[in-house]
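Have a look at the structure below before the remarks.
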Amino acid sequence: MAQPFTLPDFYVPYPARLNPHLEAARVHARAWARSMGMLEGSGVWEQRDLDAHDYALLCAYTHPDCDEEALNLVTDWYVWVFFFDDHFLELFKRGQDREGGKAYLDRLPAFMPADLADGFPEPENPVEAGLDGFPEPENPVEAGLADLWRRTVPAMSADWRERFSTSTRNLLNESLWELSNINAGRISNPVEYIEMRRKVGGAPWSAGLVEYAAGAELPARVAGTRPLRVLTDAFSDAVHLRNDLFSYQREVEDEGELSNGVLVLEHFLGCTTPEAAEAVNDLLTSRLQQFENTALIELPALSAEYGLDPAENAALASYVKGLQDWQSGGHEWHLRSSRYMNEGAVSGVAAGLTGVLGTSAVHLAAALGTPARARLRSHTRPPHTHEGPSLLPDFTLSYPLGLSPYHERARTASVDWAERMGLLNDIWDREKLEGYDFALCSAGLDPDASPEELELSAEWLTWGTYGDDYYPLVFGRPRDLAAARVLHERLLACMPLEDPALAASFAAAPIERSLADLWTRTAGPMDPVTRAAFRDGVEHMLESWLWELGNQAQHRVPDPVDYLEMRRHTFGSELTMSLSRMRHAAALPAGVLDSGTVRALENAVADYGCLINDVFSYQKEVQYEGELHNLVLVVENFFGCDYPTAFRMVEHLMAARLDQFEHAVANELPVLYEDFGLTSGQIETMGTYLGELRDWLAGILNWHRGVRRYDAAFLPGCLPYGAVPETAVRGAGVPGAGAGGVLATRPAAVGAAAKAVPGAALADVQMAAPGGVPAAGSVPRQAASGAAPATASGAAPETEASAVPAVAATAPGWQYPSGIGTSAARVGPGAVR
């Protein structure tokens with residue numbers, strides 16, 4: 001059979017290496033599979049199938065440095081997982097038997113006890129009762145899992161056992177998602193596919209086995225942090241997308257499978273199969289480059305932040321190396337396995353390279369070819385390109401809008417609150433904040449709120465947006481990531497879990513005082529569990545602002561997958577949706593709101609809301625602010641296309657995410673209700689929650705349509721002031737720091753005299769390297785008192801509405817423009833006020 005497309009040129013920067021214990025692993029795998037009942041008589045495999053698939057070769061390539069015993073065990077795990085995939089296909093997918101498949105899957109977690117002393121499940125009949133009190137499993141999958149668990153977990157910690165059992169359960173249980181899609185004849189959208197493929201595809205599970213085989217168990221205190229999470233996710237996505245390219249013919253043409261990335265993009269983009277294959281390969285490359293960026297930029301910072309010791313740092317390094325080995329080895333195995341189409345693919349083995357050189361040499365094609373051009377493009381996006389008014393979709397959102405009658409009261413109260421907190425003395429003033437009208441957003445998000453609840457909601461939105469404006473202006477333009485980290489820690493201190501009433505005692509600057517005030521009023525009445533969950537939402541948003549600063553410092557357009565997943569935090573989706581979620585949690589069975597179905601529909605809603613903001617704010621962010629964090633721009637960069645084309649793709653994705661939400665409500669939630677045995681009252685509770693999610697979307701869209709912040713007629717005059725508050729970091733280890741450890745801010749003077757400066761940008765006072773990337777070390781310095789603010793290159797013509805002050809800064813080779821008054825940006829000594 002002819003291949004449906006020619007395999008692309010893969011990004012394989014590290015040559016594959018082969019474990020010397022390959023033959024021993026092959027012999028062992030045959031004997032083990034037969035002893036578990038996976039070969040003759042299983043109805044799934046014969047020995048010739050196992051030999052042809054050659055999972056020992058896969059493991060020898062993906063784990064080239066482990067000893068024979070470890071390689072045998074890892075190979076057994078892969079024999080088991082591939083047998084499970086084929087066993088489930090034969091028994092349940094082909095016959096579309098969801099009920100039988102669920103019963104089959106429900107038994108498997110019991111064969112992974114956290115402590116072996118807890119034993120395995122009680123046998124259901126005398127035939128199952130085996131020796132030493134353990135049951136005789138009902139099928140080869142159960143037999144293999146019980147044996148593997150017994151042999152693996154004694155060497156690993158309780159933390160690893162929990163993480164690995166979770167990834168194994170995800171791998172097993174999300175097979176029902178694939179089965180449900182086959183039953184519905186439905187092809188998922190790209191974001192949905194990436195998220196679900198991580199669970200059902202098994203690569204996070206493979207990453208857990210890398211920890212075992214490499215002797216590189218992750219330190220428990222950092223295993224859940226963003227850098228480790230992104231490393232694992234980027235690794236997983238790359239593994240799955242590579243597999244999708246090699247397995248397209250078998251899965252889509254032979255088996256009728258709908259869960260394949262090539263098919264997903266072919267359907268979403270409306271393109272040919274070869275074009276979709278190239279797009280998948282580009283995404284695979286982007287995810288590998290995200291992996292590299294995280295390993296080289298974020299991991300060292302993580303080590304310093306947590307004070308990891310040498311052994312912990314060595315474990316992280318071995319883990320990264322193990323994941324790299326897996327990528328190269330997995331590619332090589334796909335070239336050789338009879339399971340996949342592989343005609344015309346190029347080997348990742350570096351011919352003639354052996355020893356030390358052969359283990360680390362980077363292929364010239366990877367260094368200089370298409371992947372290198374993609375990497376270069378992501379770092380050389382010209383800032384402040386003229387775009388004109390933002391294009392807007394024909395929104396398909398048809399949910400009715402409800403508005404609180406207390407909108408006007410909440411707007412006045414929230415603006416007064418911001419003034420009392422000191423938020424109107426630097427980047428905002430009262431007129432700007434009134435034009436932003438966050439109370440209008442709150443009135444749509446929660447139309448049934450009491451006056452007090454609405455005011456509190458509007459104040460949270462005010463604070464969150466102030467912080468989102470403040471960070472890039474104060475820390476991003478001068479690339480002062482150290483000062484941003486200090487503020488980050490101080491903001492966390494303003495949210496004490498034990499006694500929220502103490503929050504004000506940790507606060508100094510306006511951004512701190514305002515957060516402390518909100519925290520005391522919001523978290524005080526909460527129970528400890530709800531309070532901790534709410535704090536997590538705020539912390540995730542704060543961490544996402546640091547992530548944006550990191551990209552800003554690198555002048556790096558984010559990888560599309562990383563962008564979308566972080567956008568939910570930068571937009572504050574988790575924070576604004578969390579209170580509604582928590583309100584209903586007590587009325588529902590444990591696990592319902594944390595189920596894959598509910599999490600997926602929440603993410604779909606969150607993404608639609610985020611993308612409403614991205615399409616409305618494109619001109620504001622890209623043209624006037626030089627922003628890199630907008631999905632339309634991210635799509636432009638990824639596909640190398642123009643703004644209108646990227647906009648249409650984003651518009652299509654918005655519609656697909658909304659369709660996914662409605663599909664889940666109509667088709668997946670009823671199955672979930674049945675699986676959890678929800679009562680009519682609990683189903684009604686879920687209905688209320690879904691209504692609140694619809695209110696959330698309707699309120700966000702109405703707010704964007706009704707405020708000045710994104711309207712071309714009010715740009716750039718409605719932007720935050722470009723004058724940067726003086727930021728003095730006081731504390732140990734910070735240059736120029738005094739006693740007390742206080743991050744003090746004093747606003748630059750802004751007022752009538754400040755309108756003398758055209759434009760709204762701060763960035764372009766820096767020296768630039770070729771290609772438009774600011775030169776290393778060209779950090780702008782604040783000018784001495786009395787100096788005038790700078791104008792940005794390419795700034796908008798000066799008008800009464802558009803005159804906005806920019807930062808008073810100097811850089812080598814730059815001079816203040818003549819004829820500008822000196823009172824516009826007077827910077828005084830750092831002080832808290």
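For the structure tokens, the naming scheme is as follows: chains receive sequential letters (A, B, ...) according to their order of presentation, residues are indexed from 1 within each chain, and ligands are indexed from 1 in presentation order.
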Quiz prompt | Shell of 9 Å around Pro472 (chain A), only C-alpha atoms, local chain residues under 5 positions omitted, as an MDAnalysis selection string | solution = chainID A and resid 467 477:479 545 548:549 552
Quiz item: Leaving out Arg583 (chain A) and any residue of its chain fewer than 2 positions from it, which residues lie within 12 Å of it when counting only C-alpha atoms, given as an MDAnalysis selection string?
Solution: chainID A and resid 526:527 530:531 533:534 577:581 585:588 593 685:686 688:689 692
Output C-alpha atoms for every residue in that selection, as a compact mmCIF listing (two decimals), in the first residue's frame.
# COMPACT_ATOMS: atom_id res chain seq x y z
CA MET A 526 -13.47 30.72 53.50
CA ASP A 527 -12.77 27.31 54.99
CA THR A 530 -11.27 26.54 49.74
CA ARG A 531 -8.87 29.28 50.86
CA ALA A 533 -7.42 26.47 46.40
CA PHE A 534 -8.24 30.14 45.84
CA MET A 577 -13.83 31.03 37.45
CA SER A 578 -12.62 29.42 40.66
CA LEU A 579 -15.07 31.00 43.09
CA SER A 580 -18.02 29.66 41.10
CA ARG A 581 -16.40 26.22 40.99
CA ALA A 585 -17.94 21.56 45.02
CA ALA A 586 -19.53 20.56 48.35
CA ALA A 587 -22.80 19.57 46.67
CA LEU A 588 -21.16 17.15 44.22
CA LEU A 593 -15.28 18.58 39.09
CA THR A 685 -26.16 21.87 40.58
CA MET A 686 -24.05 21.06 37.54
CA THR A 688 -26.25 25.94 37.54
CA TYR A 689 -22.49 25.80 37.21
CA GLU A 692 -22.40 30.46 35.30
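Counting only C-alpha atoms, the residue from A:Gln554, A:Thr62, A:Thr522, A:Ser442 that sits nearest to Arg409 (chain A) is A:Ser442.
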Exercise. Take CA of His407 (chain A) and CA of Leu445 (chain A) and report the distance between them in Å, one decimal.
Key: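 Between these atoms lies a distance of 11.4 Å.
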Quiz item: Quick one: residues within 9 Å of Ser544 (chain A), only C-alpha atoms counted, chain neighbours fewer than 2 positions away excluded, as a PyMOL selection string?
Solution: chain A and resi 539-542+546-549+566-567+569-570
Output for the residues just chosen: N, CA and C atoms as a PDB file, in the first residue's frame:
ATOM      1  N   GLU A 539      -1.799  32.594  42.861  1.00  0.00           N
ATOM      2  CA  GLU A 539      -0.372  32.321  42.682  1.00  0.00           C
ATOM      3  C   GLU A 539      -0.053  31.929  41.242  1.00  0.00           C
ATOM      4  N   HIS A 540      -0.911  31.131  40.637  1.00  0.00           N
ATOM      5  CA  HIS A 540      -0.675  30.742  39.246  1.00  0.00           C
ATOM      6  C   HIS A 540      -0.690  31.965  38.327  1.00  0.00           C
ATOM      7  N   MET A 541      -1.586  32.916  38.609  1.00  0.00           N
ATOM      8  CA  MET A 541      -1.606  34.130  37.800  1.00  0.00           C
ATOM      9  C   MET A 541      -0.321  34.930  37.992  1.00  0.00           C
ATOM     10  N   LEU A 542       0.134  35.049  39.236  1.00  0.00           N
ATOM     11  CA  LEU A 542       1.381  35.763  39.497  1.00  0.00           C
ATOM     12  C   LEU A 542       2.567  35.094  38.804  1.00  0.00           C
ATOM     13  N   LEU A 546       5.483  36.324  35.620  1.00  0.00           N
ATOM     14  CA  LEU A 546       6.930  36.115  35.549  1.00  0.00           C
ATOM     15  C   LEU A 546       7.310  35.395  34.259  1.00  0.00           C
ATOM     16  N   TRP A 547       6.478  34.454  33.842  1.00  0.00           N
ATOM     17  CA  TRP A 547       6.732  33.750  32.574  1.00  0.00           C
ATOM     18  C   TRP A 547       6.728  34.732  31.411  1.00  0.00           C
ATOM     19  N   GLU A 548       5.781  35.655  31.402  1.00  0.00           N
ATOM     20  CA  GLU A 548       5.748  36.658  30.339  1.00  0.00           C
ATOM     21  C   GLU A 548       7.009  37.524  30.356  1.00  0.00           C
ATOM     22  N   LEU A 549       7.444  37.901  31.556  1.00  0.00           N
ATOM     23  CA  LEU A 549       8.663  38.698  31.647  1.00  0.00           C
ATOM     24  C   LEU A 549       9.865  37.938  31.094  1.00  0.00           C
ATOM     25  N   MET A 566      -0.543  28.787  29.217  1.00  0.00           N
ATOM     26  CA  MET A 566      -0.234  29.859  30.162  1.00  0.00           C
ATOM     27  C   MET A 566      -1.229  31.007  30.059  1.00  0.00           C
ATOM     28  N   ARG A 567      -1.860  31.168  28.919  1.00  0.00           N
ATOM     29  CA  ARG A 567      -2.817  32.272  28.733  1.00  0.00           C
ATOM     30  C   ARG A 567      -3.981  32.159  29.704  1.00  0.00           C
ATOM     31  N   HIS A 569      -3.804  31.426  32.667  1.00  0.00           N
ATOM     32  CA  HIS A 569      -3.364  32.027  33.920  1.00  0.00           C
ATOM     33  C   HIS A 569      -3.139  33.522  33.769  1.00  0.00           C
ATOM     34  N   THR A 570      -2.494  33.964  32.665  1.00  0.00           N
ATOM     35  CA  THR A 570      -2.228  35.392  32.509  1.00  0.00           C
ATOM     36  C   THR A 570      -3.528  36.178  32.409  1.00  0.00           C
TER      37      THR A 570
END
Quiz prompt | Gly640 (chain A) environment, 10 Å, only C-alpha atoms, sequence neighbours closer than 6 positions dropped, as a list in words | solution =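 Skipping anything fewer than 6 positions along the chain leaves Ala374, Arg377, Leu633, Val634 and Ala646 of chain A.
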Practice problem: For His704 (chain A), work out the shell of residues within 8 Å, counting only C-alpha atoms and skipping chain neighbours fewer than 5 positions away, then give it as a list in words. | Solution: Ile612, Asn613, Phe616 and Tyr710 of chain A
Quiz item: Leaving out region 25-38 of chain A and any residue of its chain fewer than 6 positions from it, which residues lie within 9 Å of it when counting only C-alpha atoms, given as a list of chain:residue names?
Solution: A:Val44, A:Trp45, A:Glu46, A:Gln47, A:Leu50, A:Asp51, A:Asp54, A:Tyr55, A:Ala56, A:Leu57, A:Cys59, A:Ala60, A:Glu68, A:Glu69, A:Leu71, A:Asn72, A:Leu73, A:Thr75, A:Asp76, A:Val79, A:Trp80, A:Phe83, A:Asn139, A:Pro140, A:Val141, A:Ala143, A:Gly144, A:Asp147
Filtering to N, CA and C atoms, could you give me those residues as an mmCIF file, in the first residue's frame?
data_model
loop_
_atom_site.group_PDB
_atom_site.id
_atom_site.type_symbol
_atom_site.label_atom_id
_atom_site.label_comp_id
_atom_site.auth_asym_id
_atom_site.auth_seq_id
_atom_site.Cartn_x
_atom_site.Cartn_y
_atom_site.Cartn_z
ATOM 1 N N VAL A 44 -4.806 -11.771 20.510
ATOM 2 C CA VAL A 44 -4.284 -10.453 20.145
ATOM 3 C C VAL A 44 -2.940 -10.589 19.440
ATOM 4 N N TRP A 45 -1.994 -11.255 20.075
ATOM 5 C CA TRP A 45 -0.654 -11.393 19.517
ATOM 6 C C TRP A 45 -0.254 -12.858 19.401
ATOM 7 N N GLU A 46 0.587 -13.127 18.421
ATOM 8 C CA GLU A 46 1.398 -14.329 18.354
ATOM 9 C C GLU A 46 2.859 -13.887 18.564
ATOM 10 N N GLN A 47 3.760 -14.846 18.725
ATOM 11 C CA GLN A 47 5.160 -14.462 18.952
ATOM 12 C C GLN A 47 5.705 -13.668 17.780
ATOM 13 N N LEU A 50 5.037 -9.992 18.324
ATOM 14 C CA LEU A 50 5.942 -9.392 19.308
ATOM 15 C C LEU A 50 7.330 -9.207 18.716
ATOM 16 N N ASP A 51 7.822 -10.205 17.985
ATOM 17 C CA ASP A 51 9.149 -10.087 17.391
ATOM 18 C C ASP A 51 9.200 -8.960 16.356
ATOM 19 N N ASP A 54 9.182 -5.535 18.147
ATOM 20 C CA ASP A 54 10.517 -5.355 18.730
ATOM 21 C C ASP A 54 10.566 -4.226 19.764
ATOM 22 N N TYR A 55 9.803 -4.402 20.845
ATOM 23 C CA TYR A 55 9.789 -3.395 21.910
ATOM 24 C C TYR A 55 11.111 -3.364 22.672
ATOM 25 N N ALA A 56 11.843 -4.448 22.654
ATOM 26 C CA ALA A 56 13.169 -4.424 23.267
ATOM 27 C C ALA A 56 14.081 -3.442 22.529
ATOM 28 N N LEU A 57 13.937 -3.369 21.204
ATOM 29 C CA LEU A 57 14.718 -2.407 20.439
ATOM 30 C C LEU A 57 14.313 -0.981 20.807
ATOM 31 N N CYS A 59 13.173 0.077 23.669
ATOM 32 C CA CYS A 59 13.703 0.407 24.992
ATOM 33 C C CYS A 59 15.228 0.502 24.989
ATOM 34 N N ALA A 60 15.882 -0.298 24.155
ATOM 35 C CA ALA A 60 17.339 -0.206 24.068
ATOM 36 C C ALA A 60 17.767 1.120 23.456
ATOM 37 N N GLU A 68 21.277 -4.209 32.538
ATOM 38 C CA GLU A 68 20.436 -5.253 31.945
ATOM 39 C C GLU A 68 19.139 -5.445 32.724
ATOM 40 N N GLU A 69 19.206 -5.471 34.039
ATOM 41 C CA GLU A 69 18.002 -5.687 34.848
ATOM 42 C C GLU A 69 16.985 -4.570 34.627
ATOM 43 N N LEU A 71 16.804 -2.569 32.009
ATOM 44 C CA LEU A 71 16.307 -2.624 30.635
ATOM 45 C C LEU A 71 15.246 -3.709 30.491
ATOM 46 N N ASN A 72 15.434 -4.849 31.117
ATOM 47 C CA ASN A 72 14.423 -5.905 31.063
ATOM 48 C C ASN A 72 13.093 -5.439 31.647
ATOM 49 N N LEU A 73 13.153 -4.785 32.791
ATOM 50 C CA LEU A 73 11.921 -4.332 33.433
ATOM 51 C C LEU A 73 11.226 -3.258 32.605
ATOM 52 N N THR A 75 11.470 -2.811 29.415
ATOM 53 C CA THR A 75 10.923 -3.463 28.221
ATOM 54 C C THR A 75 9.614 -4.163 28.530
ATOM 55 N N ASP A 76 9.539 -4.827 29.679
ATOM 56 C CA ASP A 76 8.284 -5.477 30.072
ATOM 57 C C ASP A 76 7.149 -4.468 30.191
ATOM 58 N N VAL A 79 6.051 -3.700 26.642
ATOM 59 C CA VAL A 79 5.283 -4.828 26.099
ATOM 60 C C VAL A 79 3.871 -4.775 26.657
ATOM 61 N N TRP A 80 3.771 -4.524 27.970
ATOM 62 C CA TRP A 80 2.451 -4.479 28.613
ATOM 63 C C TRP A 80 1.579 -3.372 28.045
ATOM 64 N N PHE A 83 0.482 -4.096 24.505
ATOM 65 C CA PHE A 83 -0.506 -5.168 24.503
ATOM 66 C C PHE A 83 -1.852 -4.634 24.978
ATOM 67 N N ASN A 139 -7.164 -11.358 33.183
ATOM 68 C CA ASN A 139 -6.697 -11.298 31.801
ATOM 69 C C ASN A 139 -5.216 -10.926 31.797
ATOM 70 N N PRO A 140 -4.558 -11.026 30.652
ATOM 71 C CA PRO A 140 -3.114 -10.754 30.602
ATOM 72 C C PRO A 140 -2.738 -9.334 31.009
ATOM 73 N N VAL A 141 -3.628 -8.364 30.765
ATOM 74 C CA VAL A 141 -3.325 -6.983 31.135
ATOM 75 C C VAL A 141 -3.232 -6.852 32.652
ATOM 76 N N ALA A 143 -2.660 -9.333 34.763
ATOM 77 C CA ALA A 143 -1.518 -10.139 35.211
ATOM 78 C C ALA A 143 -0.211 -9.374 35.033
ATOM 79 N N GLY A 144 -0.052 -8.747 33.870
ATOM 80 C CA GLY A 144 1.176 -8.005 33.618
ATOM 81 C C GLY A 144 1.331 -6.811 34.547
ATOM 82 N N ASP A 147 2.362 -7.903 38.120
ATOM 83 C CA ASP A 147 3.755 -8.329 38.173
ATOM 84 C C ASP A 147 4.709 -7.139 38.083
#
Quiz item: What gap, in Å, lies between CA of Ala315 (chain A) and CA of Ala216 (chain A)?
Solution: 4.5 Å
Quiz item: Skipping near chain neighbours, those fewer than 2 positions away, what residues fall within 9 Å of Cys718 (chain A) using only C-alpha atoms, listed as JSON, numbers by chain?
Solution: {"A": [431, 432, 435, 436, 708, 709, 710, 711, 714, 715, 716, 720, 721, 801, 802, 804]}
Quiz item: Quick one: distance from CA of Leu440 (chain A) to CA of Gly699 (chain A) in Å, one decimal?
Solution: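 Interatomic distance, CA of Leu440 (chain A) to CA of Gly699 (chain A): 8.0 Å.
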Quiz prompt | Nearest candidate to Ala2 (chain A) (options A:Met341, A:Leu91, A:Ala70, A:Ala207; using only C-alpha atoms) | solution = A:Met341
Quiz item: Taking only C-alpha atoms into account, which of A:Asp695, A:Asp468, A:Asp675, A:Glu257 comes nearest Gly185 (chain A)?
Solution: A:Glu257
